[in-house]
There are 10 protein chains.
Amino acid sequence: MDRTNSTMIILQAKAEKKLSWQEIAERVGAAEVWVATALLGQATMAPEQAAKVGEILALSPEVTASLTTPPFRGNAIQMPPSEPALYRLYEIIMVYGPAFKEILNEKFGDGIMSAIDYEMHIDKREDPNGDRVIVTLNGKFLPYKKF
Amino acid sequence: MDRTNSTMIILQAKAEKKLSWQEIAERVGAAEVWVATALLGQATMAPEQAAKVGEILALSPEVTASLTTPPFRGNAIQMPPSEPALYRLYEIIMVYGPAFKEILNEKFGDGIMSAIDYEMHIDKREDPNGDRVIVTLNGKFLPYKKF
Amino acid sequence: MDRTNSTMIILQAKAEKKLSWQEIAERVGAAEVWVATALLGQATMAPEQAAKVGEILALSPEVTASLTTPPFRGNAIQMPPSEPALYRLYEIIMVYGPAFKEILNEKFGDGIMSAIDYEMHIDKREDPNGDRVIVTLNGKFLPYKKF
Amino acid sequence: MDRTNSTMIILQAKAEKKLSWQEIAERVGAAEVWVATALLGQATMAPEQAAKVGEILALSPEVTASLTTPPFRGNAIQMPPSEPALYRLYEIIMVYGPAFKEILNEKFGDGIMSAIDYEMHIDKREDPNGDRVIVTLNGKFLPYKKF
Amino acid sequence: MDRTNSTMIILQAKAEKKLSWQEIAERVGAAEVWVATALLGQATMAPEQAAKVGEILALSPEVTASLTTPPFRGNAIQMPPSEPALYRLYEIIMVYGPAFKEILNEKFGDGIMSAIDYEMHIDKREDPNGDRVIVTLNGKFLPYKKF
Amino acid sequence: MDRTNSTMIILQAKAEKKLSWQEIAERVGAAEVWVATALLGQATMAPEQAAKVGEILALSPEVTASLTTPPFRGNAIQMPPSEPALYRLYEIIMVYGPAFKEILNEKFGDGIMSAIDYEMHIDKREDPNGDRVIVTLNGKFLPYKKF
Amino acid sequence: MDRTNSTMIILQAKAEKKLSWQEIAERVGAAEVWVATALLGQATMAPEQAAKVGEILALSPEVTASLTTPPFRGNAIQMPPSEPALYRLYEIIMVYGPAFKEILNEKFGDGIMSAIDYEMHIDKREDPNGDRVIVTLNGKFLPYKKF
Amino acid sequence: MDRTNSTMIILQAKAEKKLSWQEIAERVGAAEVWVATALLGQATMAPEQAAKVGEILALSPEVTASLTTPPFRGNAIQMPPSEPALYRLYEIIMVYGPAFKEILNEKFGDGIMSAIDYEMHIDKREDPNGDRVIVTLNGKFLPYKKF
Amino acid sequence: MDRTNSTMIILQAKAEKKLSWQEIAERVGAAEVWVATALLGQATMAPEQAAKVGEILALSPEVTASLTTPPFRGNAIQMPPSEPALYRLYEIIMVYGPAFKEILNEKFGDGIMSAIDYEMHIDKREDPNGDRVIVTLNGKFLPYKKF
Amino acid sequence: MDRTNSTMIILQAKAEKKLSWQEIAERVGAAEVWVATALLGQATMAPEQAAKVGEILALSPEVTASLTTPPFRGNAIQMPPSEPALYRLYEIIMVYGPAFKEILNEKFGDGIMSAIDYEMHIDKREDPNGDRVIVTLNGKFLPYKKF
């Protein structure tokens, strides 16, 4: 089964069961961002994780199995994103990208922050002046190989 | 003076004086990412901050003054970015964007993470399996107004 | 239910009941632009507002419920817009955008007009030389944070 | 003289004389947005208006004369705009455009709001919860001709 | 009913009845270009005009009614047009556009030819060296408002 | 000499001599649109026409000679055009293009209106309700060859 | 019937009958490239040619009739073409285009090779070092009209 | 020396010496299209050919030497080409491309016409109904390797 | 049968039979990359190869036959590729492309590496520091023809 | 010094000294592809490597120093590449990309071939049927992290 279809079925099952991403993630035993990413068709689950999800959301074996196949990533969003919540991330690259590159090179040398050996967390910090979204990007530094 | 020109002069002065972004930021008394962002032509400094930078880097009054003018942001990078270190951030939006939007809505309601009432930090976490880049995005949650 | 589908059902129900946006808005107790925006799949209603709309337009519970889910915004229009009424707004950005930015910075400092803490109204001013469209954009000024 | 060059000279003269757009507009006797638009190379001044500007900013006759020539509009901004203050206007078209078109047609019939027989104002409304930017778009309604 | 669907039904009915655009236009009592434009989903008919078309082409009430709703214009053609007959018009803008703008400004002042208060006619002029297509664009001149 | 440079020199000479396109065209003995097109670098003049222009505008032999070389057409305008006066022509293709193609095929058969064996005129029709711009496109019909 | 659909039916019928383009073309009495072009939805056949094709391929009257309607050309290929056999033609324009334009102007004057009064042939020349594809483009020279 | 610069110098020298591409080609002893292609910066000459050109056009050793360096091809034209003479070739790919691919595969099998082991000729065929441009593309057929 | 459909059926059959590309390739007697390429709709199989695949995967005669028809290549991927595994190849062209061109010209002369007379292999080299992907591109050098 | 400028100076020095990339690479003690990549402004050299290059090519200290600064990669090539030698690599992604992704996932699991911990070699294999270009891509496999 195609990941686009399985994503639609999963979102519907999640809505019907009124489960939050956080609740599903806890029962799977993995991070909330990663579980949501996998269920939205952008990551691959281990068979036991998929089985757990299938049980929680009462999915068919076909949908469950689809979660263990490496997806074709990145095709769920058009760039630049029209959705304001995503566009702000895009804008951050344009405004803070030059500083990111300068500081990365200065602190680590010539290389990149991996987007593969990578994890990400989204937290809420309550604040009387307005709650704050705290997003943590955590990627392995990969130095350019000289050969 | 145009910010593109002042950025080039500043980068050259910084290289000649062999100062790191961290050292300049400490002397300005502001965060490293923000100071680099301002000196790269993407943020506006208060007059006393600009004066401090002018002193540290021995800049002309014109260059110093340019730092206090609101810039035309975002024009320093073509999208999608050709530079691999920046492209990885772009890829993260495509792969993790759907989960970001889902979790943001679930945890905070309908709205966005501000990219204006926003701060960002880049840290190095040493790790025997390879050091890690930790980027923290910290933005105020802005709920959509119903009117 | 997907917002694109619920929008089509809502437009058809509105046409059959021969209700104007103004009439629906009054019964919902919110502004005309906002109610139309929500019913066109670009804003989220509170449950009681959605219930009211469901009652007025005799919608199914699925369609009614869809109005309370945060939508994926901005995907209803291709840019630049081919429709002349929308293209004129696009053109206004190109022609008056430089002045907007200059005056905004001069009057308010470095920052933006929020498109989230934002409201908008469309009024008709009768005029013997041709009626005039008065569009009011009203957004909170957000100053760039220095950190 | 080319409008791009005259704009740069005008901005520099304005900065040196420490004049605001509001002050220049009052002395020219026209609206702030329009005067800024003309001086930024996007509108044509009457000869007496240009002469007044030339006097205020001590411009050369060539620069002054350039203000009376119809410009090639819209070439000062790349679309979509990278600058956040301008992007928010672009986003408003994507999010509120469908409602704008629906309400315009319902209130006025089939046609457009002119961007030529058009005026625009930017005001500041002080507010303890954060000042608000009030932008008024005022364009003649043009009904589509049936022929 | 959606204009794209009604256009397909209309084209089929027109082909079956072997009626030309000219014949339909004469019976509707309006210009050929305008009637074709409306029936192709790019203009709005008055109810009595739509009724006349419905009668001529034996359309269902739904299709007939669709002709009186303001359409979302311009979405029937991708730009640049791949079809050679349309591309030639596009090329004319690129080659003759600079002269059009210069002469328009010189003859009329700063402004535009309206595409709304506008009519258009396509005629055939027989010529022994090859018949000629004569297209007449007739739009109201709209001077830029100074405010 | 490059046509872009010769165009700039010609426009400056025209402005200094305060000659209109109409006056130059009359002295060259050709149509106003065509003469403007040639002097703006989009058409090729016969040597005697170029000589006449050189005399009227007091051009150097290099500039005069450049007018007789076939130019690389179409590079003076970015598409879609940002300038409103040109964009309206572009919009006309999107809105009236489908009707143009239908009527052309019906009146002439399968083929195109040539943009090469082509002429164009721009006239002003005074009207108490606002003057009208009349643009006449006159191109040879070219039937598709069956081979 | 829509040309896209009739093209699919024709290709299937051709495959089932195991007829080559050359065989069909001979029976229609026209050139191979042209017949293939028409059957692929990019040219218009005379009624007797369409009837002949209908007979050869045993097509329904609707499919046969569709061949006599002027198509909307050029929409079968995305540019740049992803298919290597077509991309090579695209590359030839980029590499040999400048020479083509120079030589055309030198040999014929200012004008173009028509793509309407045009024919094209594809031949195979056997060669021990590898057979060669010989494509002949044959278009009427159209000189630019001076008016 | 950069090929863009050497092309400009060569075109100027060719104009001053009033030599045609055909004349230069004959003296170089190669085909007109190829010699023009090389001199326009899109092909590499053998040293003796470059020397011959240097002699004919009285070029400096630097310009002459540049002709023997493999160029970065294809950067002289923006696609789609704005110039009508080149656009017609582009249009031919869109209209006749599907037939080209079909016939190529049928006559030769699965593969392409090489654009590298390739030659091209442009001829003039006089015709009382208008001279014709005959362009011959001659490329080696390259069958796809099965491995 | 259309290659897009046959590809989906083949992938499903392969998954059900739990066969690897390597296993299928060995039974077909061809290279793994090539067999996968053909079965993914990007290469043409000889009839006996297709028959073998049909037998291994229990395909219908229509699906089997589709494998012997030259496909329209390259339409399975949008460029730039959103999928990270493919984007890395794209990035390699941007970063290492200039060196590739320089070294190719220096080692082989002016020409290209064929993508038609071409083969490709993907191997796994185990490594305690992380296994390595070894991709071998092997294409015939094609020198530019001088004519 | 900017890498674009230093690249031009280096290419000129290399041409004057008639050194091949292979010769320079041997004296630097690194791989040919990598040394060319660094000297073309796409990689960072260690100080002693840069010093060696400076000595071989007699570069100024500024140029030499520029080689040790991390560059902004990927900006030397427009995509898709107009140059045929580079376009063939781009085409390989479109044609062989689907097989690459399938086989990578099957042989290694879900992940990518690194373009950072990566090396590349270009070799010439002599062949009586035409020499072959052998390009070896060698990148560390990076498995997607589950978190």
# chains A, B, ... in the order shown; residues from 1 in each chain; ligands from 1
call {"tool": "interface_residues", "arguments": {"of": "chain A", "to": "chain C", "cutoff": "9 Å", "atoms": "only C-alpha atoms", "output": "PDB file with N, CA and C atoms, in the first residue's frame"}}
result
ATOM      1  N   GLN A  12      -7.279   9.424   9.852  1.00  0.00           N
ATOM      2  CA  GLN A  12      -8.686   9.239  10.161  1.00  0.00           C
ATOM      3  C   GLN A  12      -8.861   8.380  11.426  1.00  0.00           C
ATOM      4  N   PRO A  81       6.536  26.730   1.103  1.00  0.00           N
ATOM      5  CA  PRO A  81       5.265  26.264   1.662  1.00  0.00           C
ATOM      6  C   PRO A  81       4.238  27.389   1.734  1.00  0.00           C
ATOM      7  N   SER A  82       3.017  27.110   1.300  1.00  0.00           N
ATOM      8  CA  SER A  82       1.960  28.130   1.382  1.00  0.00           C
ATOM      9  C   SER A  82       1.435  28.248   2.811  1.00  0.00           C
ATOM     10  N   GLU A  83       1.540  27.207   3.593  1.00  0.00           N
ATOM     11  CA  GLU A  83       1.020  27.206   4.964  1.00  0.00           C
ATOM     12  C   GLU A  83       1.912  28.077   5.851  1.00  0.00           C
ATOM     13  N   PRO A  84       1.328  29.090   6.507  1.00  0.00           N
ATOM     14  CA  PRO A  84       2.153  30.031   7.292  1.00  0.00           C
ATOM     15  C   PRO A  84       3.026  29.374   8.359  1.00  0.00           C
ATOM     16  N   ALA A  85       2.515  28.342   9.041  1.00  0.00           N
ATOM     17  CA  ALA A  85       3.326  27.725  10.101  1.00  0.00           C
ATOM     18  C   ALA A  85       4.596  27.107   9.530  1.00  0.00           C
TER      19      ALA A  85
END
call {"tool": "select_by_dssp", "arguments": {"residues": "chain C", "states": "alpha helix (DSSP H)", "output": "ChimeraX atom specification"}}
result
/C:3-16,21-28,32-39,47-57,61-66,84-108
call {"tool": "residues_around", "arguments": {"residues": "Arg125 of chain C", "least_positions_apart": "2", "cutoff": "12 Å", "atoms": "only C-alpha atoms", "output": "CSV table (one decimal) with N, CA and C atoms, in the first residue's frame"}}
result
chain,number,residue,atom,x,y,z
C,122,ILE,N,-13.9,44.3,4.3
C,122,ILE,CA,-14.1,44.8,3.0
C,122,ILE,C,-15.4,45.6,3.0
C,123,ASP,N,-15.3,46.8,2.6
C,123,ASP,CA,-16.5,47.7,2.6
C,123,ASP,C,-16.8,48.3,1.3
C,127,ASP,N,-20.2,56.0,-4.5
C,127,ASP,CA,-19.6,57.2,-5.0
C,127,ASP,C,-20.2,57.5,-6.4
C,128,PRO,N,-20.6,58.7,-6.6
C,128,PRO,CA,-21.2,59.0,-8.0
C,128,PRO,C,-20.3,58.7,-9.1
C,129,ASN,N,-19.0,58.8,-8.9
C,129,ASN,CA,-18.0,58.5,-9.9
C,129,ASN,C,-17.6,57.1,-10.0
C,130,GLY,N,-18.3,56.2,-9.3
C,130,GLY,CA,-18.0,54.8,-9.3
C,130,GLY,C,-17.8,54.4,-7.9
C,131,ASP,N,-18.5,53.4,-7.4
C,131,ASP,CA,-18.3,52.9,-6.0
C,131,ASP,C,-16.9,52.5,-5.8
C,132,ARG,N,-16.6,52.6,-4.5
C,132,ARG,CA,-15.2,52.2,-4.2
C,132,ARG,C,-15.1,51.1,-3.2
C,133,VAL,N,-14.1,50.2,-3.4
C,133,VAL,CA,-13.8,49.1,-2.5
C,133,VAL,C,-12.9,49.6,-1.5
C,134,ILE,N,-13.3,49.4,-0.2
C,134,ILE,CA,-12.4,49.8,0.9
C,134,ILE,C,-12.0,48.6,1.6
C,135,VAL,N,-10.7,48.3,1.6
C,135,VAL,CA,-10.2,47.1,2.2
C,135,VAL,C,-9.3,47.5,3.4
D,107,LYS,N,-20.9,41.7,-3.1
D,107,LYS,CA,-21.2,43.1,-2.7
D,107,LYS,C,-21.3,44.0,-3.9
D,108,PHE,N,-20.4,43.7,-5.0
D,108,PHE,CA,-20.3,44.6,-6.1
D,108,PHE,C,-20.7,44.1,-7.4
D,138,ASN,N,-8.0,51.5,-1.0
D,138,ASN,CA,-9.2,52.2,-1.5
D,138,ASN,C,-9.1,52.3,-3.0
D,139,GLY,N,-9.8,51.4,-3.7
D,139,GLY,CA,-9.8,51.4,-5.1
D,139,GLY,C,-11.2,51.4,-5.7
D,140,LYS,N,-11.3,52.1,-6.9
D,140,LYS,CA,-12.6,52.1,-7.6
D,140,LYS,C,-13.0,50.7,-8.0
D,141,PHE,N,-14.3,50.4,-7.8
D,141,PHE,CA,-14.7,49.2,-8.3
D,141,PHE,C,-14.9,49.3,-9.9
call {"tool": "residues_around", "arguments": {"residues": "segment 24-40 of chain B", "least_positions_apart": "2", "cutoff": "9 Å", "atoms": "only C-alpha atoms", "output": "number ranges by chain"}}
result
A: 95-100, 102-103; B: 3-4, 6-8, 10-11, 14, 19-22, 42-45, 48-50, 52-53, 56-57, 67, 76, 119-122; C: 146-147
call {"tool": "write_last_selection", "arguments": {"atoms": "N, CA and C atoms", "output": "CSV table (one decimal), in the first residue's frame"}}
result
chain,number,residue,atom,x,y,z
A,95,VAL,N,16.7,34.2,6.5
A,95,VAL,CA,17.2,35.3,7.4
A,95,VAL,C,18.4,34.9,8.2
A,96,TYR,N,18.3,33.7,8.8
A,96,TYR,CA,19.3,33.2,9.7
A,96,TYR,C,20.3,32.3,9.1
A,97,GLY,N,20.1,31.9,7.9
A,97,GLY,CA,21.0,30.9,7.2
A,97,GLY,C,22.4,31.4,7.1
A,98,PRO,N,22.6,32.7,6.6
A,98,PRO,CA,24.0,33.1,6.5
A,98,PRO,C,24.8,33.0,7.9
A,99,ALA,N,24.1,33.3,9.0
A,99,ALA,CA,24.7,33.2,10.3
A,99,ALA,C,25.0,31.8,10.7
A,100,PHE,N,24.0,30.9,10.4
A,100,PHE,CA,24.1,29.5,10.7
A,100,PHE,C,25.4,28.9,10.0
A,102,GLU,N,28.1,30.5,8.9
A,102,GLU,CA,29.3,31.1,9.4
A,102,GLU,C,29.7,30.5,10.8
A,103,ILE,N,28.7,30.4,11.7
A,103,ILE,CA,29.0,29.9,13.0
A,103,ILE,C,29.3,28.4,13.0
B,3,ARG,N,23.8,47.6,2.8
B,3,ARG,CA,24.2,46.5,3.7
B,3,ARG,C,25.1,45.4,3.0
B,4,THR,N,24.9,45.2,1.8
B,4,THR,CA,25.7,44.2,1.1
B,4,THR,C,27.2,44.7,1.1
B,6,SER,N,28.5,46.8,3.3
B,6,SER,CA,29.0,46.9,4.7
B,6,SER,C,29.3,45.5,5.2
B,7,THR,N,28.5,44.5,4.8
B,7,THR,CA,28.8,43.1,5.1
B,7,THR,C,30.2,42.6,4.6
B,8,MET,N,30.5,43.0,3.4
B,8,MET,CA,31.8,42.6,2.9
B,8,MET,C,32.9,43.2,3.7
B,10,ILE,N,32.8,44.3,6.8
B,10,ILE,CA,32.8,43.7,8.1
B,10,ILE,C,33.5,42.3,8.1
B,11,LEU,N,33.2,41.5,7.1
B,11,LEU,CA,33.8,40.1,7.1
B,11,LEU,C,35.3,40.2,6.9
B,14,LYS,N,36.8,41.4,10.2
B,14,LYS,CA,36.8,40.3,11.2
B,14,LYS,C,37.9,39.3,10.9
B,19,LEU,N,39.0,37.6,14.8
B,19,LEU,CA,38.0,37.6,15.9
B,19,LEU,C,36.9,36.6,15.5
B,20,SER,N,36.5,35.8,16.5
B,20,SER,CA,35.4,34.9,16.2
B,20,SER,C,34.1,35.6,16.5
B,21,TRP,N,33.0,35.0,15.9
B,21,TRP,CA,31.7,35.5,16.2
B,21,TRP,C,31.4,35.5,17.7
B,22,GLN,N,31.9,34.5,18.3
B,22,GLN,CA,31.6,34.4,19.8
B,22,GLN,C,32.3,35.6,20.5
B,42,GLN,N,21.2,41.1,8.2
B,42,GLN,CA,19.9,40.6,8.3
B,42,GLN,C,19.2,41.0,9.6
B,43,ALA,N,19.8,41.9,10.4
B,43,ALA,CA,19.1,42.4,11.6
B,43,ALA,C,19.6,43.8,11.8
B,44,THR,N,18.9,44.5,12.7
B,44,THR,CA,19.2,45.9,13.0
B,44,THR,C,19.8,46.1,14.4
B,45,MET,N,20.9,46.7,14.5
B,45,MET,CA,21.4,46.9,15.9
B,45,MET,C,21.0,48.3,16.5
B,48,GLU,N,24.1,51.9,20.2
B,48,GLU,CA,25.2,51.6,21.1
B,48,GLU,C,25.9,50.3,20.7
B,49,GLN,N,25.1,49.3,20.3
B,49,GLN,CA,25.6,48.0,19.8
B,49,GLN,C,26.5,48.3,18.5
B,50,ALA,N,25.9,49.0,17.6
B,50,ALA,CA,26.7,49.3,16.4
B,50,ALA,C,28.0,50.0,16.7
B,52,LYS,N,29.7,49.8,19.4
B,52,LYS,CA,30.6,48.8,19.9
B,52,LYS,C,31.3,48.0,18.8
B,53,VAL,N,30.5,47.6,17.9
B,53,VAL,CA,31.1,46.8,16.8
B,53,VAL,C,32.0,47.7,16.0
B,56,ILE,N,35.3,47.7,17.9
B,56,ILE,CA,36.0,46.4,17.8
B,56,ILE,C,36.6,46.1,16.5
B,57,LEU,N,35.9,46.4,15.4
B,57,LEU,CA,36.4,46.1,14.1
B,57,LEU,C,37.0,47.3,13.4
B,67,LEU,N,24.5,49.6,10.2
B,67,LEU,CA,24.0,48.5,11.1
B,67,LEU,C,22.7,48.9,11.8
B,76,ALA,N,20.1,37.3,0.7
B,76,ALA,CA,21.5,36.8,0.6
B,76,ALA,C,21.5,35.4,0.1
B,119,GLU,N,14.2,33.7,18.8
B,119,GLU,CA,15.6,33.7,19.0
B,119,GLU,C,16.1,32.3,18.6
B,120,MET,N,17.4,32.2,18.4
B,120,MET,CA,18.0,31.0,17.9
B,120,MET,C,19.4,30.9,18.4
B,121,HIS,N,19.8,29.6,18.8
B,121,HIS,CA,21.1,29.4,19.3
B,121,HIS,C,21.7,28.1,18.6
B,122,ILE,N,23.0,28.1,18.5
B,122,ILE,CA,23.7,27.0,17.9
B,122,ILE,C,24.8,26.6,18.8
C,146,LYS,N,15.6,41.5,19.6
C,146,LYS,CA,17.1,41.5,19.7
C,146,LYS,C,17.4,40.5,20.8
C,147,PHE,N,18.3,39.6,20.5
C,147,PHE,CA,18.6,38.6,21.6
C,147,PHE,C,20.1,38.4,21.8
call {"tool": "select_by_dssp", "arguments": {"residues": "chain J", "states": "strand (DSSP E)", "output": "list in words"}}
result
Gly111, Ile112, Met113, Ser114, Ala115, Ile116, Asp117, Tyr118, Glu119, Met120, His121, Ile122, Asp123, Lys124, Arg125, Arg132, Val133, Ile134, Val135, Thr136, Leu137, Asn138, Gly139, Lys140, Phe141, Leu142 and Pro143 of chain J
call {"tool": "write_last_selection", "arguments": {"atoms": "C-alpha atoms", "output": "PDB file, in the first residue's frame"}}
result
ATOM      1  CA  GLY J 111      19.157   5.869   4.463  1.00  0.00           C
ATOM      2  CA  ILE J 112      21.391   7.690   2.019  1.00  0.00           C
ATOM      3  CA  MET J 113      24.853   7.670   0.469  1.00  0.00           C
ATOM      4  CA  SER J 114      26.665  10.603   2.082  1.00  0.00           C
ATOM      5  CA  ALA J 115      27.844  13.401  -0.201  1.00  0.00           C
ATOM      6  CA  ILE J 116      30.067  14.708   2.618  1.00  0.00           C
ATOM      7  CA  ASP J 117      31.937  11.622   3.802  1.00  0.00           C
ATOM      8  CA  TYR J 118      32.403  11.007   0.134  1.00  0.00           C
ATOM      9  CA  GLU J 119      35.060  10.624  -2.496  1.00  0.00           C
ATOM     10  CA  MET J 120      35.006  10.469  -6.244  1.00  0.00           C
ATOM     11  CA  HIS J 121      37.382   9.351  -8.971  1.00  0.00           C
ATOM     12  CA  ILE J 122      37.383   9.718 -12.731  1.00  0.00           C
ATOM     13  CA  ASP J 123      39.324   7.201 -14.774  1.00  0.00           C
ATOM     14  CA  LYS J 124      39.935   6.459 -18.411  1.00  0.00           C
ATOM     15  CA  ARG J 125      39.586   2.903 -19.608  1.00  0.00           C
ATOM     16  CA  ARG J 132      35.245   4.700 -21.522  1.00  0.00           C
ATOM     17  CA  VAL J 133      34.821   7.179 -18.696  1.00  0.00           C
ATOM     18  CA  ILE J 134      34.685   5.391 -15.356  1.00  0.00           C
ATOM     19  CA  VAL J 135      33.379   7.537 -12.520  1.00  0.00           C
ATOM     20  CA  THR J 136      33.422   6.051  -9.042  1.00  0.00           C
ATOM     21  CA  LEU J 137      31.217   7.568  -6.360  1.00  0.00           C
ATOM     22  CA  ASN J 138      32.168   6.332  -2.910  1.00  0.00           C
ATOM     23  CA  GLY J 139      30.090   7.579  -0.004  1.00  0.00           C
ATOM     24  CA  LYS J 140      29.451   6.350   3.500  1.00  0.00           C
ATOM     25  CA  PHE J 141      26.023   4.858   3.982  1.00  0.00           C
ATOM     26  CA  LEU J 142      24.108   6.860   6.573  1.00  0.00           C
ATOM     27  CA  PRO J 143      21.099   5.057   8.057  1.00  0.00           C
TER      28      PRO J 143
END
call {"tool": "atom_distance", "arguments": {"atom1": "atom CA of Leu89 of chain J", "atom2": "atom CA of Ile93 of chain A"}}
result
28.4 Å
call {"tool": "atom_distance", "arguments": {"atom1": "atom CA of Arg88 of chain J", "atom2": "atom CA of Tyr87 of chain H"}}
result
23.7 Å
